[in-house]
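In what follows, a structure is listed as structure tokens, so that the remarks can point back to it.
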Amino acid sequence: MNSSILNKNIQEFISQNSGASITKLALQKNPFPEVDWILILNQIEAKAKAKDKLPTWFSTENIIYPSKISVEQTSSEKTAAYKAYLISGKTLIDLTGGFGVDDYYFSKKFEVVAHCEINENLSAIVKHNFEQLDVKNCFCYADDSANILNESKPDFKWDWIYIDPSRRNDAKGKIFMLKDCLPNVPESLDFYLKKTDSILIKTAPLLDISAGLSELKFVKTIHIIALENEVKELLFEIHNHYSGEITIKTANILKNKIETFEFILGESYYPLYHLPQKFLYEPNSAIMKSGGFDQVSNSFRINKLHKHSHLYTSDELIAFPGRIFEIEKVISYSKNDMKTVLLNQHANITTRNFPETVENIRKKWKIKNGGNLYCFFTTDKNDNKIVLICRKIT
């Protein structure tokens with residue numbers, strides 16, 4: 001860690017230029033020749049990245065940032081806070097500490113948090129930042145987490161182990177599997193379960209849920225976390241020797257609320273089907289990732305348009321975890337109806353279970369993007385290709 005970056009004048013310069021063009025700054029003469037100009041520019045760029053994602057770090061003085069890539073890859077404060085809401089106890093060890101955002105929030109729920117980071121420079125940065133953030137119960141270890149676990153007393157067990165495995169460079173292009181990550185959780189799971197009875201594993205959203213389950217055991221709950229309708233994380237919650245039903249819990253974190261939905265994986269559900277009614281419902285991205293489409297129909301007592309459309313309809317307006325629309329018109333996807341109703345119009349287009357892409361539809365019918373009209377190109381329960389012309393309900 002280069003502590004020279006903490007010079008008061010340099011810190012003021014970083015704050016004043018946060019958000020400025022790095023390309024333009026790079027062409028300027030370094031006003032602090034005693035410190036590497038690239039290092040200063042990296043701090044400016046990384047701090048700008050942290051403004052919305054890590055507001056606590058952004059607003060705290062004398063924070064040192066790692067590379068902008070590390071900031072981009074770390075959890076956001078909102079998802080970190082949500083993870084901390086899920087678990088609690090006295091002791092937690094984070095095997096893949098990184099920039100420490102998750103541990104900052106875990107420290108509010110646990111008496112002791114161990115932050116393990118094999119990168120000595122990053123570990124030193126996190127330790128320094130925790131001091132600035134007044135975190136007193138999180139201890140940083142610049143070592144391989146396996147060594148830390150081995151050094152603990154034989155009869156000691158952590159309340160929780162948290163792991164955020166990173167994909168190995170040589171695994172690019174392959175189907176995403178946990179065994180292709182560091183640490184290799186499936187390979188080390190038995191070892192971890194000697195050190196704890198509860199494990200929380202964070203994975204990238206592109207991991208297939210069934211693939212994760214095929215590599216793990218004792219999974220009790222799978223959490224799917226979205227932020228502003230973009231899936232950010234999958235969490236596999238493991239409890240030693242658990243053998244019951246697996247619950248899928250989805251959360252879409254919005255500015256003023258959290259949309260939640262849950263169901264039992266593998267339980268049989270029997271959805272109802274209906275032609276378009278007065279209102280249309282589109283599930284949020286966390287639910288879409290979960291695959292719980294029949295469960296949505298049963299839980300909210302609304303009808304599906306088609307087995308594969310994943311759109312829902314009802315005559316009575318209900319509260320729903322996703323976007324809600326009022327259907328103004330339903331037309332067939334035919335040359336005559338399209339020319340009469342949508343040719344040369346402005347509209348927001350979504351396709352669900354439809355043979356053409358949004359790009360092709362726009363080009364063919366000269367539909368410009370934007371406006372207050374929302375058009376869903378989909379298939380109804382009778383396998384007819386239809387277009388739902390809607391207004392969004394906020």
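Letters for chains follow the order of the structure tokens (A, B, ...), residue numbers begin at 1 for each chain, and ligand numbers begin at 1 in the order shown.
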Problem set entry | Residue list (strand (DSSP E or B), DSSP) for region 293-374 of chain A, as a ChimeraX atom specification | /A:303-304,312-314,322-332,346,348-351,368,373-374
Within 10 Å of region 297-312 of chain A using only C-alpha atoms, minus same-chain residues under 5 positions, as a tab-separated table (two decimals) with all heavy atoms, in the first residue's frame:
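Written out: out-v7.tsv:
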chain	number	residue	atom	x	y	z
A	261	PHE	N	-40.03	-12.60	-3.33
A	261	PHE	CA	-40.89	-13.72	-3.74
A	261	PHE	C	-40.13	-15.01	-3.42
A	261	PHE	O	-38.90	-15.07	-3.59
A	261	PHE	CB	-41.20	-13.65	-5.23
A	261	PHE	CG	-42.04	-14.81	-5.73
A	261	PHE	CD1	-43.36	-14.93	-5.35
A	261	PHE	CD2	-41.48	-15.76	-6.58
A	261	PHE	CE1	-44.13	-16.00	-5.81
A	261	PHE	CE2	-42.24	-16.84	-7.04
A	261	PHE	CZ	-43.57	-16.95	-6.66
A	262	GLU	N	-40.83	-16.02	-2.94
A	262	GLU	CA	-40.15	-17.29	-2.63
A	262	GLU	C	-41.05	-18.48	-2.91
A	262	GLU	O	-42.28	-18.35	-2.95
A	262	GLU	CB	-39.66	-17.31	-1.19
A	262	GLU	CG	-40.75	-17.30	-0.14
A	262	GLU	CD	-40.17	-17.35	1.27
A	262	GLU	OE1	-39.64	-16.32	1.72
A	262	GLU	OE2	-40.24	-18.44	1.89
A	263	PHE	N	-40.41	-19.62	-3.11
A	263	PHE	CA	-41.15	-20.84	-3.35
A	263	PHE	C	-40.24	-22.03	-3.05
A	263	PHE	O	-39.02	-21.87	-2.89
A	263	PHE	CB	-41.67	-20.91	-4.79
A	263	PHE	CG	-40.59	-20.87	-5.84
A	263	PHE	CD1	-40.03	-22.04	-6.36
A	263	PHE	CD2	-40.13	-19.65	-6.33
A	263	PHE	CE1	-39.05	-21.99	-7.32
A	263	PHE	CE2	-39.13	-19.60	-7.30
A	263	PHE	CZ	-38.59	-20.77	-7.79
A	269	TYR	N	-46.71	-27.18	-9.09
A	269	TYR	CA	-47.65	-26.05	-9.16
A	269	TYR	C	-48.44	-26.18	-10.45
A	269	TYR	O	-47.93	-26.63	-11.47
A	269	TYR	CB	-46.90	-24.72	-9.14
A	269	TYR	CG	-46.12	-24.48	-7.87
A	269	TYR	CD1	-44.83	-24.99	-7.70
A	269	TYR	CD2	-46.67	-23.73	-6.83
A	269	TYR	CE1	-44.12	-24.77	-6.54
A	269	TYR	CE2	-45.95	-23.50	-5.66
A	269	TYR	CZ	-44.68	-24.03	-5.52
A	269	TYR	OH	-43.96	-23.81	-4.36
A	270	TYR	N	-49.71	-25.76	-10.39
A	270	TYR	CA	-50.58	-25.91	-11.55
A	270	TYR	C	-51.16	-24.55	-11.93
A	270	TYR	O	-52.16	-24.10	-11.38
A	270	TYR	CB	-51.70	-26.92	-11.24
A	270	TYR	CG	-51.14	-28.26	-10.83
A	270	TYR	CD1	-51.00	-28.60	-9.48
A	270	TYR	CD2	-50.70	-29.17	-11.79
A	270	TYR	CE1	-50.46	-29.83	-9.11
A	270	TYR	CE2	-50.16	-30.39	-11.42
A	270	TYR	CZ	-50.04	-30.71	-10.08
A	270	TYR	OH	-49.49	-31.93	-9.72
A	271	PRO	N	-50.50	-23.87	-12.88
A	271	PRO	CA	-50.94	-22.53	-13.25
A	271	PRO	C	-52.23	-22.54	-14.07
A	271	PRO	O	-52.59	-23.56	-14.68
A	271	PRO	CB	-49.77	-22.03	-14.11
A	271	PRO	CG	-49.22	-23.27	-14.73
A	271	PRO	CD	-49.35	-24.34	-13.67
A	272	LEU	N	-52.90	-21.40	-14.08
A	272	LEU	CA	-54.08	-21.20	-14.90
A	272	LEU	C	-53.68	-20.42	-16.14
A	272	LEU	O	-52.77	-19.58	-16.09
A	272	LEU	CB	-55.16	-20.46	-14.12
A	272	LEU	CG	-55.68	-21.16	-12.85
A	272	LEU	CD1	-56.61	-20.23	-12.09
A	272	LEU	CD2	-56.39	-22.46	-13.20
A	273	TYR	N	-54.35	-20.67	-17.25
A	273	TYR	CA	-54.05	-19.97	-18.50
A	273	TYR	C	-55.28	-19.21	-18.96
A	273	TYR	O	-56.42	-19.64	-18.75
A	273	TYR	CB	-53.61	-20.96	-19.59
A	273	TYR	CG	-52.32	-21.67	-19.25
A	273	TYR	CD1	-52.33	-22.90	-18.60
A	273	TYR	CD2	-51.09	-21.10	-19.57
A	273	TYR	CE1	-51.14	-23.56	-18.28
A	273	TYR	CE2	-49.90	-21.75	-19.26
A	273	TYR	CZ	-49.94	-22.97	-18.62
A	273	TYR	OH	-48.77	-23.60	-18.30
A	274	HIS	N	-55.04	-18.06	-19.58
A	274	HIS	CA	-56.16	-17.24	-20.03
A	274	HIS	C	-55.68	-16.33	-21.16
A	274	HIS	O	-54.51	-15.95	-21.22
A	274	HIS	CB	-56.69	-16.39	-18.87
A	274	HIS	CG	-58.12	-15.99	-19.01
A	274	HIS	ND1	-58.52	-14.99	-19.89
A	274	HIS	CD2	-59.26	-16.45	-18.41
A	274	HIS	CE1	-59.85	-14.86	-19.80
A	274	HIS	NE2	-60.32	-15.73	-18.91
A	275	LEU	N	-56.61	-15.95	-22.01
A	275	LEU	CA	-56.31	-14.93	-23.01
A	275	LEU	C	-56.13	-13.58	-22.30
A	275	LEU	O	-56.54	-13.42	-21.15
A	275	LEU	CB	-57.44	-14.85	-24.03
A	275	LEU	CG	-57.61	-16.09	-24.94
A	275	LEU	CD1	-58.86	-15.96	-25.79
A	275	LEU	CD2	-56.38	-16.30	-25.80
A	276	PRO	N	-55.50	-12.61	-22.94
A	276	PRO	CA	-55.23	-11.32	-22.27
A	276	PRO	C	-56.48	-10.70	-21.67
A	276	PRO	O	-57.53	-10.63	-22.32
A	276	PRO	CB	-54.67	-10.46	-23.41
A	276	PRO	CG	-54.07	-11.44	-24.36
A	276	PRO	CD	-54.96	-12.65	-24.30
A	277	GLN	N	-56.33	-10.26	-20.41
A	277	GLN	CA	-57.43	-9.60	-19.71
A	277	GLN	C	-57.11	-8.10	-19.60
A	277	GLN	O	-56.50	-7.54	-20.51
A	277	GLN	CB	-57.63	-10.28	-18.35
A	277	GLN	CG	-58.06	-11.75	-18.51
A	277	GLN	CD	-58.01	-12.54	-17.23
A	277	GLN	OE1	-56.94	-12.97	-16.80
A	277	GLN	NE2	-59.18	-12.75	-16.60
A	279	PHE	N	-55.20	-6.39	-17.27
A	279	PHE	CA	-53.86	-6.01	-16.82
A	279	PHE	C	-52.83	-7.06	-17.21
A	279	PHE	O	-53.14	-8.25	-17.32
A	279	PHE	CB	-53.85	-5.80	-15.30
A	279	PHE	CG	-54.75	-4.70	-14.84
A	279	PHE	CD1	-55.99	-4.99	-14.27
A	279	PHE	CD2	-54.39	-3.37	-14.99
A	279	PHE	CE1	-56.84	-3.99	-13.86
A	279	PHE	CE2	-55.24	-2.35	-14.57
A	279	PHE	CZ	-56.46	-2.66	-14.01
A	280	LEU	N	-51.60	-6.60	-17.41
A	280	LEU	CA	-50.49	-7.47	-17.79
A	280	LEU	C	-49.38	-7.32	-16.76
A	280	LEU	O	-49.07	-6.21	-16.32
A	280	LEU	CB	-49.96	-7.08	-19.18
A	280	LEU	CG	-48.83	-7.95	-19.74
A	280	LEU	CD1	-49.38	-9.29	-20.19
A	280	LEU	CD2	-48.13	-7.24	-20.90
A	281	TYR	N	-48.74	-8.44	-16.41
A	281	TYR	CA	-47.69	-8.44	-15.40
A	281	TYR	C	-46.43	-9.10	-15.96
A	281	TYR	O	-46.49	-10.20	-16.51
A	281	TYR	CB	-48.15	-9.20	-14.15
A	281	TYR	CG	-49.45	-8.69	-13.58
A	281	TYR	CD1	-50.67	-9.25	-14.00
A	281	TYR	CD2	-49.48	-7.66	-12.64
A	281	TYR	CE1	-51.87	-8.78	-13.49
A	281	TYR	CE2	-50.68	-7.19	-12.13
A	281	TYR	CZ	-51.88	-7.75	-12.56
A	281	TYR	OH	-53.06	-7.29	-12.07
A	282	GLU	N	-45.30	-8.42	-15.77
A	282	GLU	CA	-44.00	-8.96	-16.18
A	282	GLU	C	-43.13	-9.10	-14.94
A	282	GLU	O	-42.79	-8.11	-14.29
A	282	GLU	CB	-43.33	-8.02	-17.18
A	282	GLU	CG	-41.99	-8.52	-17.67
A	282	GLU	CD	-41.25	-7.50	-18.52
A	282	GLU	OE1	-41.30	-6.29	-18.18
A	282	GLU	OE2	-40.63	-7.90	-19.51
A	283	PRO	N	-42.74	-10.33	-14.56
A	283	PRO	CA	-41.95	-10.52	-13.34
A	283	PRO	C	-40.60	-9.80	-13.41
A	283	PRO	O	-40.04	-9.59	-14.50
A	283	PRO	CB	-41.74	-12.04	-13.29
A	283	PRO	CG	-42.80	-12.61	-14.16
A	283	PRO	CD	-43.05	-11.59	-15.24
A	288	MET	N	-37.40	-14.02	-12.87
A	288	MET	CA	-37.09	-14.63	-14.16
A	288	MET	C	-35.91	-15.59	-14.03
A	288	MET	O	-35.89	-16.67	-14.61
A	288	MET	CB	-36.80	-13.55	-15.20
A	288	MET	CG	-37.99	-12.66	-15.54
A	288	MET	SD	-39.36	-13.55	-16.33
A	288	MET	CE	-38.66	-13.84	-17.96
A	291	GLY	N	-36.80	-19.12	-12.37
A	291	GLY	CA	-37.55	-20.13	-13.11
A	291	GLY	C	-38.88	-20.50	-12.48
A	291	GLY	O	-39.55	-21.43	-12.93
A	292	GLY	N	-39.30	-19.77	-11.47
A	292	GLY	CA	-40.54	-20.11	-10.76
A	292	GLY	C	-41.78	-19.53	-11.42
A	292	GLY	O	-42.58	-18.85	-10.77
A	317	LEU	N	-56.63	-5.46	-10.65
A	317	LEU	CA	-55.25	-5.01	-10.44
A	317	LEU	C	-54.73	-5.51	-9.09
A	317	LEU	O	-55.41	-5.38	-8.07
A	317	LEU	CB	-55.19	-3.48	-10.48
A	317	LEU	CG	-53.80	-2.85	-10.31
A	317	LEU	CD1	-52.89	-3.25	-11.46
A	317	LEU	CD2	-53.92	-1.32	-10.23
A	318	ILE	N	-53.53	-6.09	-9.09
A	318	ILE	CA	-52.93	-6.58	-7.85
A	318	ILE	C	-51.53	-6.00	-7.69
A	318	ILE	O	-50.91	-5.54	-8.66
A	318	ILE	CB	-52.84	-8.13	-7.83
A	318	ILE	CG1	-51.88	-8.63	-8.93
A	318	ILE	CG2	-54.21	-8.77	-7.96
A	318	ILE	CD1	-51.45	-10.07	-8.77
A	319	ALA	N	-51.01	-6.02	-6.46
A	319	ALA	CA	-49.61	-5.66	-6.22
A	319	ALA	C	-48.76	-6.81	-6.73
A	319	ALA	O	-49.07	-7.99	-6.50
A	319	ALA	CB	-49.38	-5.44	-4.73
A	320	PHE	N	-47.66	-6.48	-7.42
A	320	PHE	CA	-46.90	-7.53	-8.10
A	320	PHE	C	-45.42	-7.18	-8.13
A	320	PHE	O	-45.06	-6.02	-8.37
A	320	PHE	CB	-47.43	-7.71	-9.53
A	320	PHE	CG	-46.80	-8.85	-10.28
A	320	PHE	CD1	-47.21	-10.14	-10.06
A	320	PHE	CD2	-45.79	-8.62	-11.21
A	320	PHE	CE1	-46.63	-11.21	-10.74
A	320	PHE	CE2	-45.20	-9.66	-11.90
A	320	PHE	CZ	-45.63	-10.96	-11.66
A	324	ILE	N	-46.05	-3.59	-14.20
A	324	ILE	CA	-47.50	-3.76	-14.37
A	324	ILE	C	-47.97	-2.82	-15.47
A	324	ILE	O	-47.57	-1.66	-15.53
A	324	ILE	CB	-48.26	-3.46	-13.06
A	324	ILE	CG1	-47.69	-4.30	-11.90
A	324	ILE	CG2	-49.75	-3.74	-13.24
A	324	ILE	CD1	-48.29	-3.93	-10.55
A	351	THR	N	-40.18	-8.71	-26.37
A	351	THR	CA	-40.63	-9.98	-26.93
A	351	THR	C	-40.54	-11.07	-25.87
A	351	THR	O	-39.58	-11.14	-25.11
A	351	THR	CB	-39.76	-10.39	-28.14
A	351	THR	OG1	-38.39	-10.49	-27.74
A	351	THR	CG2	-39.89	-9.39	-29.28
A	352	ARG	N	-41.57	-11.89	-25.81
A	352	ARG	CA	-41.59	-13.05	-24.91
A	352	ARG	C	-42.20	-14.22	-25.68
A	352	ARG	O	-43.35	-14.14	-26.12
A	352	ARG	CB	-42.45	-12.76	-23.65
A	352	ARG	CG	-41.80	-11.81	-22.66
A	352	ARG	CD	-40.82	-12.53	-21.76
A	352	ARG	NE	-40.33	-11.64	-20.74
A	352	ARG	CZ	-39.24	-10.89	-20.83
A	352	ARG	NH1	-38.53	-10.93	-21.94
A	352	ARG	NH2	-38.85	-10.11	-19.85
A	353	ASN	N	-41.42	-15.29	-25.85
A	353	ASN	CA	-41.91	-16.46	-26.57
A	353	ASN	C	-42.42	-16.04	-27.96
A	353	ASN	O	-43.56	-16.30	-28.34
A	353	ASN	CB	-43.03	-17.15	-25.78
A	353	ASN	CG	-43.44	-18.48	-26.38
A	353	ASN	OD1	-42.67	-19.13	-27.07
A	353	ASN	ND2	-44.69	-18.88	-26.13
A	354	PHE	N	-41.53	-15.40	-28.70
A	354	PHE	CA	-41.88	-14.83	-30.00
A	354	PHE	C	-40.74	-15.11	-30.98
A	354	PHE	O	-39.57	-15.03	-30.60
A	354	PHE	CB	-42.12	-13.33	-29.88
A	354	PHE	CG	-42.91	-12.73	-31.00
A	354	PHE	CD1	-44.28	-12.89	-31.07
A	354	PHE	CD2	-42.27	-12.00	-32.00
A	354	PHE	CE1	-45.02	-12.34	-32.11
A	354	PHE	CE2	-42.99	-11.45	-33.05
A	354	PHE	CZ	-44.37	-11.62	-33.10
A	376	PHE	N	-45.90	-5.65	-26.23
A	376	PHE	CA	-45.38	-6.99	-25.94
A	376	PHE	C	-45.75	-7.92	-27.10
A	376	PHE	O	-46.94	-8.16	-27.36
A	376	PHE	CB	-45.96	-7.53	-24.63
A	376	PHE	CG	-45.38	-6.86	-23.42
A	376	PHE	CD1	-45.86	-5.63	-22.98
A	376	PHE	CD2	-44.34	-7.46	-22.71
A	376	PHE	CE1	-45.31	-5.01	-21.87
A	376	PHE	CE2	-43.79	-6.86	-21.59
A	376	PHE	CZ	-44.27	-5.62	-21.18
A	377	PHE	N	-44.74	-8.40	-27.78
A	377	PHE	CA	-44.93	-9.36	-28.86
A	377	PHE	C	-44.77	-10.75	-28.25
A	377	PHE	O	-43.69	-11.11	-27.77
A	377	PHE	CB	-43.89	-9.12	-29.96
A	377	PHE	CG	-44.12	-7.84	-30.74
A	377	PHE	CD1	-43.90	-6.60	-30.16
A	377	PHE	CD2	-44.58	-7.90	-32.06
A	377	PHE	CE1	-44.10	-5.43	-30.88
A	377	PHE	CE2	-44.79	-6.72	-32.79
A	377	PHE	CZ	-44.55	-5.48	-32.20
A	378	THR	N	-45.84	-11.52	-28.27
A	378	THR	CA	-45.82	-12.79	-27.55
A	378	THR	C	-46.75	-13.81	-28.19
A	378	THR	O	-47.26	-13.59	-29.30
A	378	THR	CB	-46.19	-12.55	-26.07
A	378	THR	OG1	-45.98	-13.73	-25.32
A	378	THR	CG2	-47.62	-12.06	-25.91
A	379	THR	N	-46.98	-14.90	-27.50
A	379	THR	CA	-47.84	-15.98	-27.98
A	379	THR	C	-48.90	-16.26	-26.92
A	379	THR	O	-48.58	-16.33	-25.73
A	379	THR	CB	-47.00	-17.26	-28.23
A	379	THR	OG1	-45.96	-16.95	-29.15
A	379	THR	CG2	-47.87	-18.37	-28.80
A	380	ASP	N	-50.15	-16.39	-27.33
A	380	ASP	CA	-51.20	-16.64	-26.34
A	380	ASP	C	-51.39	-18.14	-26.12
A	380	ASP	O	-50.71	-18.97	-26.71
A	380	ASP	CB	-52.51	-15.95	-26.74
A	380	ASP	CG	-53.17	-16.56	-27.98
A	380	ASP	OD1	-52.82	-17.70	-28.36
A	380	ASP	OD2	-54.04	-15.89	-28.58
A	381	LYS	N	-52.33	-18.48	-25.26
A	381	LYS	CA	-52.52	-19.87	-24.86
A	381	LYS	C	-52.98	-20.77	-26.01
A	381	LYS	O	-52.86	-21.99	-25.95
A	381	LYS	CB	-53.51	-19.96	-23.69
A	381	LYS	CG	-54.97	-19.74	-24.04
A	381	LYS	CD	-55.83	-19.75	-22.78
A	381	LYS	CE	-57.32	-19.77	-23.10
A	381	LYS	NZ	-57.76	-21.09	-23.58
A	382	ASN	N	-53.49	-20.14	-27.08
A	382	ASN	CA	-53.91	-20.90	-28.27
A	382	ASN	C	-52.82	-20.94	-29.34
A	382	ASN	O	-53.09	-21.30	-30.49
A	382	ASN	CB	-55.19	-20.29	-28.84
A	382	ASN	CG	-56.35	-20.37	-27.86
A	382	ASN	OD1	-56.50	-21.36	-27.14
A	382	ASN	ND2	-57.17	-19.33	-27.83
A	383	ASP	N	-51.62	-20.53	-28.95
A	383	ASP	CA	-50.45	-20.52	-29.85
A	383	ASP	C	-50.56	-19.50	-30.98
A	383	ASP	O	-49.89	-19.63	-32.02
A	383	ASP	CB	-50.17	-21.90	-30.44
A	383	ASP	CG	-49.64	-22.87	-29.40
A	383	ASP	OD1	-48.89	-22.43	-28.51
A	383	ASP	OD2	-49.99	-24.07	-29.45
A	384	ASN	N	-51.37	-18.47	-30.78
A	384	ASN	CA	-51.46	-17.39	-31.75
A	384	ASN	C	-50.43	-16.31	-31.43
A	384	ASN	O	-50.24	-15.96	-30.26
A	384	ASN	CB	-52.86	-16.77	-31.75
A	384	ASN	CG	-53.91	-17.75	-32.19
A	384	ASN	OD1	-53.73	-18.44	-33.20
A	384	ASN	ND2	-55.02	-17.82	-31.46
For this session: From a DSSP pass on the backbone, collect the residues of region 87-205 of chain A flagged as alpha helix (DSSP H) and hand them back as an MDAnalysis selection string.
Result: chainID A and resid 101:106 120:132 145:151 185:192
For this session: Would you mind listing what lies within 9 Å of region 229-232 of chain A as a VMD selection string, with only C-alpha atoms counted and same-chain residues fewer than 4 positions away left out?
Result: chain A and resid 75 79 203 to 205 224 to 225 252 to 254 284 to 286 289 322
Output for the residues just chosen: all heavy atoms as a CSV table (one decimal), in the first residue's frame:
chain,number,residue,atom,x,y,z
A,75,SER,N,-19.0,-6.1,-4.3
A,75,SER,CA,-20.5,-6.0,-4.0
A,75,SER,C,-20.8,-4.5,-3.9
A,75,SER,O,-20.0,-3.7,-3.4
A,75,SER,CB,-20.8,-6.7,-2.7
A,75,SER,OG,-20.6,-8.1,-2.8
A,79,THR,N,-26.4,-4.5,-2.0
A,79,THR,CA,-26.4,-5.9,-1.9
A,79,THR,C,-25.7,-6.5,-0.7
A,79,THR,O,-26.1,-7.5,-0.2
A,79,THR,CB,-25.8,-6.5,-3.2
A,79,THR,OG1,-24.5,-6.1,-3.4
A,79,THR,CG2,-26.7,-6.1,-4.5
A,203,THR,N,-22.2,-16.3,-5.8
A,203,THR,CA,-21.7,-16.6,-7.2
A,203,THR,C,-22.2,-15.5,-8.1
A,203,THR,O,-23.1,-14.8,-7.8
A,203,THR,CB,-22.1,-18.0,-7.7
A,203,THR,OG1,-23.5,-17.9,-8.1
A,203,THR,CG2,-22.0,-19.0,-6.6
A,204,ALA,N,-21.6,-15.5,-9.3
A,204,ALA,CA,-22.0,-14.6,-10.4
A,204,ALA,C,-23.4,-15.0,-10.9
A,204,ALA,O,-23.8,-16.2,-10.8
A,204,ALA,CB,-21.0,-14.6,-11.5
A,205,PRO,N,-24.2,-14.1,-11.4
A,205,PRO,CA,-25.6,-14.4,-11.8
A,205,PRO,C,-25.7,-15.4,-13.0
A,205,PRO,O,-26.7,-16.0,-13.2
A,205,PRO,CB,-26.2,-13.0,-12.1
A,205,PRO,CG,-25.0,-12.1,-12.4
A,205,PRO,CD,-24.0,-12.6,-11.5
A,224,ILE,N,-31.6,-15.1,-4.8
A,224,ILE,CA,-31.3,-14.5,-6.0
A,224,ILE,C,-31.5,-13.0,-5.8
A,224,ILE,O,-32.6,-12.5,-5.5
A,224,ILE,CB,-32.2,-14.9,-7.2
A,224,ILE,CG1,-32.1,-16.5,-7.3
A,224,ILE,CG2,-31.9,-14.2,-8.5
A,224,ILE,CD1,-33.1,-17.1,-8.3
A,225,ILE,N,-30.4,-12.2,-5.9
A,225,ILE,CA,-30.5,-10.8,-5.6
A,225,ILE,C,-30.3,-9.9,-6.8
A,225,ILE,O,-29.4,-10.1,-7.6
A,225,ILE,CB,-29.4,-10.4,-4.6
A,225,ILE,CG1,-29.5,-11.3,-3.3
A,225,ILE,CG2,-29.5,-8.9,-4.2
A,225,ILE,CD1,-28.4,-11.0,-2.3
A,252,ASN,N,-35.6,-8.1,-5.3
A,252,ASN,CA,-35.2,-7.1,-6.3
A,252,ASN,C,-35.2,-5.8,-5.5
A,252,ASN,O,-36.2,-5.3,-5.0
A,252,ASN,CB,-36.3,-7.0,-7.4
A,252,ASN,CG,-35.9,-6.0,-8.4
A,252,ASN,OD1,-34.8,-5.7,-8.7
A,252,ASN,ND2,-37.0,-5.4,-9.0
A,253,ILE,N,-33.9,-5.3,-5.3
A,253,ILE,CA,-33.7,-4.1,-4.4
A,253,ILE,C,-34.0,-2.8,-5.3
A,253,ILE,O,-33.2,-2.6,-6.2
A,253,ILE,CB,-32.3,-4.1,-3.8
A,253,ILE,CG1,-32.1,-5.4,-3.0
A,253,ILE,CG2,-32.1,-2.9,-2.9
A,253,ILE,CD1,-30.6,-5.6,-2.6
A,254,LEU,N,-35.0,-2.1,-4.9
A,254,LEU,CA,-35.3,-0.8,-5.6
A,254,LEU,C,-35.0,0.4,-4.7
A,254,LEU,O,-34.6,0.2,-3.5
A,254,LEU,CB,-36.8,-0.9,-6.0
A,254,LEU,CG,-37.2,-2.0,-6.9
A,254,LEU,CD1,-38.7,-2.1,-7.1
A,254,LEU,CD2,-36.5,-2.0,-8.3
A,284,ASN,N,-40.1,-9.4,-12.2
A,284,ASN,CA,-38.8,-8.8,-12.2
A,284,ASN,C,-37.7,-9.8,-12.6
A,284,ASN,O,-37.9,-11.0,-12.7
A,284,ASN,CB,-38.5,-8.1,-10.9
A,284,ASN,CG,-38.5,-9.1,-9.7
A,284,ASN,OD1,-37.8,-10.2,-9.8
A,284,ASN,ND2,-39.1,-8.7,-8.6
A,285,SER,N,-36.5,-9.3,-12.8
A,285,SER,CA,-35.4,-10.2,-13.3
A,285,SER,C,-35.0,-11.3,-12.3
A,285,SER,O,-34.5,-12.4,-12.7
A,285,SER,CB,-34.2,-9.3,-13.6
A,285,SER,OG,-33.7,-8.6,-12.4
A,286,ALA,N,-35.1,-11.0,-11.0
A,286,ALA,CA,-34.8,-12.1,-10.0
A,286,ALA,C,-35.7,-13.3,-10.1
A,286,ALA,O,-35.3,-14.4,-10.1
A,286,ALA,CB,-34.8,-11.5,-8.6
A,289,LYS,N,-34.9,-15.2,-13.3
A,289,LYS,CA,-33.7,-16.1,-13.0
A,289,LYS,C,-34.1,-17.3,-12.3
A,289,LYS,O,-33.6,-18.4,-12.5
A,289,LYS,CB,-32.6,-15.3,-12.3
A,289,LYS,CG,-31.4,-16.1,-11.9
A,289,LYS,CD,-30.6,-16.6,-13.1
A,289,LYS,CE,-29.4,-17.4,-12.7
A,289,LYS,NZ,-28.6,-17.8,-13.9
A,322,GLY,N,-42.8,-6.7,-10.0
A,322,GLY,CA,-42.3,-6.6,-11.4
A,322,GLY,C,-43.1,-5.4,-12.0
A,322,GLY,O,-43.7,-4.6,-11.4
Problem set entry | Residue nearest Ile386 (chain A) among A:Lys329, A:Lys78, A:Lys194, A:Lys339 (counting only C-alpha atoms) |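 Closest residue, counting only C-alpha atoms: A:Lys329.
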Problem set entry | Residue neighbourhood region 147-155 of chain A, 9 Å, only C-alpha atoms, exclusion window fewer than 5 positions, as JSON, numbers by chain | {"A": [93, 95, 116, 141, 192, 195]}
For this session: Have a look at CA of Gly100 (chain A) and CA of Ile287 (chain A) and let me know their distance in Å, one decimal.
Result: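 About the pair CA of Gly100 (chain A) and CA of Ile287 (chain A): they are 28.3 Å apart.
For the residues A:Ala20, A:Met177, A:Ile14, A:Ile44, ranking by smallest atom-to-atom distance to Leu207 (chain A) using only C-alpha atoms places A:Met177 first.
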Problem set entry | Pairwise distance for CA of Tyr242 (chain A) and CA of Arg167 (chain A), rounded to one decimal in Å | 27.1 Å
Problem set entry | Near-Lys136 (chain A) list (10 Å; only C-alpha atoms; drop same-chain fewer than 6 positions) as an NGL selection string | :A and (107 or 111-113 or 130)
Exercise. Of the candidates A:Lys83, A:Lys368, A:Lys109, A:Lys8, which one gets nearest to His223 (chain A) if we count only C-alpha atoms?
Worked result: A:Lys83
For this session: Identify, on the basis of only C-alpha atoms, every residue whose closest approach to Phe106 (chain A) does not exceed 7 Å; exclude the query and any residue fewer than 4 positions from it along the same chain; express the result as a ChimeraX atom specification.
Result: /A:84,102,110
For this session: Would you mind reading off the distance between CA of Asp94 (chain A) and CA of Asp144 (chain A), one decimal, in Å?
Result: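 Calculated distance between CA of Asp94 (chain A) and CA of Asp144 (chain A) is 11.2 Å.
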For this session: Show which residues sit within 9 Å of Thr96 (chain A), as a PyMOL selection string. Count only C-alpha atoms, and ignore same-chain residues fewer than 5 positions away.
Result: chain A and resi 115-118+144-145+162-166+182-183
